[in-house]
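Student: Pasting a structure below so you can have a look.
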Amino acid sequence: VQLQASGGGSVQPGGSLRLSCAASGRIFSDHIMSWHRQTPGKERELVASLTPGDRRDYADSVKGRFTISRDNAKNTVYLQMNSLQPEDTAVYYCNAKHDLFTSLDYWGQGTLVTVSS
């Protein structure tokens, strides 16, 4: 499985961005898809996840502002980020983990999101 993330960029506080993560195959039926982020000197943190059964979970810091979704026809998962704040600045990574065989764990390359005035 290969994951290709895109959509990062620079935005002012209060702005929006949509990240995309294109998977190389049809994996959404048996993989948990998620977005994580990391800033220098800190551990990577889970931002949002989406299970094959459509359960969505979010970090407390992004609840109400970020939305994870997917397009099965395009094999793409999205992270819509609204009301962005400087503390959302990070490299964002998408991840796919098999929901049974959890050693099957794949990462896309990071995409940088910078929120600054």
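Just so we're on the same page: first chain in the structure tokens is A, next is B, and so on; residues restart at 1 for each chain, and ligands are numbered from 1 in the order they show up.
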Name all residues at most 10 Å from segment 105-114 of chain A (count only C-alpha atoms; drop same-chain ones fewer than 5 positions away) and give them as a ChimeraX atom specification.
Tutor: /A:1-13,17,19-23,31-39,84-99
Student: Those residues you just picked out, can you put them in a file as a short mmCIF file (atom, residue, chain, number, x, y, z; two decimals), in the first residue's frame with N, CA and C atoms?
Tutor:
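Dumped everything to part-v1.cif:
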```
data_model
loop_
_atom_site.label_atom_id
_atom_site.label_comp_id
_atom_site.auth_asym_id
_atom_site.auth_seq_id
_atom_site.Cartn_x
_atom_site.Cartn_y
_atom_site.Cartn_z
N VAL A 1 0.85 -1.19 0.00
CA VAL A 1 0.00 0.00 0.00
C VAL A 1 0.88 1.24 0.00
N GLN A 2 0.58 2.15 -0.90
CA GLN A 2 1.27 3.43 -0.92
C GLN A 2 0.25 4.54 -0.69
N LEU A 3 0.68 5.53 0.09
CA LEU A 3 -0.18 6.67 0.40
C LEU A 3 0.50 7.94 -0.05
N GLN A 4 -0.23 8.78 -0.74
CA GLN A 4 0.31 10.04 -1.26
C GLN A 4 -0.49 11.19 -0.67
N ALA A 5 0.14 11.93 0.23
CA ALA A 5 -0.54 13.06 0.87
C ALA A 5 -0.26 14.35 0.12
N SER A 6 -1.24 15.24 0.14
CA SER A 6 -1.09 16.53 -0.51
C SER A 6 -2.04 17.54 0.13
N GLY A 7 -1.88 18.80 -0.24
CA GLY A 7 -2.81 19.82 0.20
C GLY A 7 -2.30 20.76 1.27
N GLY A 8 -1.10 20.52 1.78
CA GLY A 8 -0.56 21.42 2.77
C GLY A 8 -0.23 22.77 2.17
N GLY A 9 0.05 23.72 3.04
CA GLY A 9 0.39 25.06 2.59
C GLY A 9 0.37 26.03 3.74
N SER A 10 0.40 27.29 3.39
CA SER A 10 0.39 28.36 4.38
C SER A 10 -0.96 29.05 4.37
N VAL A 11 -1.45 29.34 5.56
CA VAL A 11 -2.76 29.97 5.68
C VAL A 11 -2.75 30.88 6.90
N GLN A 12 -3.57 31.89 6.88
CA GLN A 12 -3.68 32.79 8.03
C GLN A 12 -4.59 32.17 9.09
N PRO A 13 -4.42 32.60 10.33
CA PRO A 13 -5.33 32.11 11.39
C PRO A 13 -6.78 32.34 11.01
N LEU A 17 -7.95 24.66 5.13
CA LEU A 17 -7.20 23.85 4.17
C LEU A 17 -7.85 22.47 4.11
N LEU A 19 -6.61 18.61 3.29
CA LEU A 19 -5.56 17.65 2.95
C LEU A 19 -6.18 16.44 2.28
N SER A 20 -5.43 15.87 1.36
CA SER A 20 -5.85 14.66 0.66
C SER A 20 -4.81 13.58 0.83
N CYS A 21 -5.26 12.35 0.88
CA CYS A 21 -4.36 11.20 0.96
C CYS A 21 -4.89 10.14 0.01
N ALA A 22 -4.19 9.95 -1.10
CA ALA A 22 -4.60 8.99 -2.11
C ALA A 22 -3.91 7.65 -1.86
N ALA A 23 -4.71 6.60 -1.76
CA ALA A 23 -4.18 5.26 -1.55
C ALA A 23 -4.00 4.56 -2.89
N HIS A 31 -9.14 -1.19 6.37
CA HIS A 31 -8.08 -0.41 7.01
C HIS A 31 -8.67 0.79 7.74
N ILE A 32 -8.16 1.07 8.89
CA ILE A 32 -8.46 2.30 9.60
C ILE A 32 -7.57 3.39 9.01
N MET A 33 -8.21 4.45 8.54
CA MET A 33 -7.47 5.57 7.96
C MET A 33 -7.37 6.67 9.00
N SER A 34 -6.24 7.32 9.05
CA SER A 34 -6.08 8.35 10.05
C SER A 34 -5.10 9.42 9.58
N TRP A 35 -5.20 10.56 10.23
CA TRP A 35 -4.26 11.66 10.04
C TRP A 35 -3.56 11.91 11.38
N HIS A 36 -2.28 12.16 11.28
CA HIS A 36 -1.46 12.48 12.43
C HIS A 36 -0.68 13.74 12.12
N ARG A 37 -0.13 14.36 13.14
CA ARG A 37 0.71 15.53 12.90
C ARG A 37 1.87 15.53 13.87
N GLN A 38 2.91 16.23 13.45
CA GLN A 38 4.14 16.27 14.27
C GLN A 38 4.81 17.61 14.10
N THR A 39 5.27 18.15 15.23
CA THR A 39 6.07 19.36 15.23
C THR A 39 7.45 19.02 15.78
N LEU A 84 -8.35 27.35 11.39
CA LEU A 84 -6.98 26.97 11.72
C LEU A 84 -6.32 28.00 12.63
N GLN A 85 -5.51 27.50 13.53
CA GLN A 85 -4.80 28.32 14.50
C GLN A 85 -3.30 28.06 14.40
N PRO A 86 -2.48 28.98 14.86
CA PRO A 86 -1.03 28.77 14.79
C PRO A 86 -0.59 27.44 15.42
N GLU A 87 -1.27 26.98 16.45
CA GLU A 87 -0.89 25.72 17.08
C GLU A 87 -1.21 24.51 16.22
N ASP A 88 -1.90 24.69 15.11
CA ASP A 88 -2.13 23.61 14.17
C ASP A 88 -0.97 23.44 13.20
N THR A 89 -0.02 24.34 13.25
CA THR A 89 1.16 24.24 12.39
C THR A 89 1.91 22.96 12.69
N ALA A 90 2.14 22.16 11.65
CA ALA A 90 2.79 20.86 11.83
C ALA A 90 2.96 20.21 10.47
N VAL A 91 3.71 19.14 10.46
CA VAL A 91 3.72 18.24 9.30
C VAL A 91 2.62 17.21 9.54
N TYR A 92 1.75 17.06 8.59
CA TYR A 92 0.62 16.14 8.70
C TYR A 92 0.90 14.89 7.87
N TYR A 93 0.60 13.75 8.48
CA TYR A 93 0.84 12.46 7.85
C TYR A 93 -0.46 11.66 7.80
N CYS A 94 -0.68 10.96 6.70
CA CYS A 94 -1.80 10.02 6.68
C CYS A 94 -1.28 8.61 6.95
N ASN A 95 -2.18 7.81 7.47
CA ASN A 95 -1.82 6.45 7.87
C ASN A 95 -2.95 5.50 7.53
N ALA A 96 -2.57 4.29 7.17
CA ALA A 96 -3.54 3.22 6.95
C ALA A 96 -3.09 2.01 7.75
N LYS A 97 -3.96 1.53 8.60
CA LYS A 97 -3.62 0.35 9.41
C LYS A 97 -4.73 -0.68 9.25
N HIS A 98 -4.33 -1.91 8.94
CA HIS A 98 -5.32 -2.98 8.78
C HIS A 98 -6.04 -3.18 10.11
N ASP A 99 -7.35 -3.33 10.04
CA ASP A 99 -8.12 -3.37 11.29
C ASP A 99 -8.02 -4.71 12.01
#
```
Student: I need the helix (DSSP H, G or I) residues of chain A per DSSP on the backbone, written as number ranges by chain.
Tutor: A: 72-74, 86-88
Student: With only C-alpha atoms as the basis for distance, which of A:Ser16, A:Asn82, A:Ser117, A:Asn72 is at the shortest distance from Ser29 of chain A?
Tutor: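 Distance minimum relative to Ser29 of chain A lands on A:Asn72.
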Student: Would you return as a PyMOL selection string the members of segment 13-94 of chain A that DSSP assigns to strand (DSSP E) on this structure's backbone?
Tutor: chain A and resi 17-23+31-38+45-50+56-58+66-71+76-81+90-94
Student: Find the spatial neighbours of Asp60 of chain A, counting only C-alpha atoms, within a cut-off of 12 Å - ignore same-chain residues fewer than 6 positions away - and output them as a VMD selection string.
Tutor: chain A and resid 45 to 48 66
Student: What does the distance between atom CA of Arg26 of chain A and atom CA of Ile68 of chain A come to in Å, to one decimal place?
Tutor: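 The value is 17.5 Å.
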Student: Please measure the separation of atom CA of Leu79 of chain A and atom CA of Gly14 of chain A, giving the value in Å to one decimal.
Tutor: 16.0 Å
Student: Kindly indicate which residue among A:Ser103, A:Ser83, A:Ser24, A:Ser69 lies nearest to Thr51 of chain A, using only C-alpha atoms for the distances.
Tutor: A:Ser69
Student: What is the atom CA of Thr67 of chain A-atom CA of Pro40 of chain A distance in Å, reported with one decimal?
Tutor: 24.3 Å
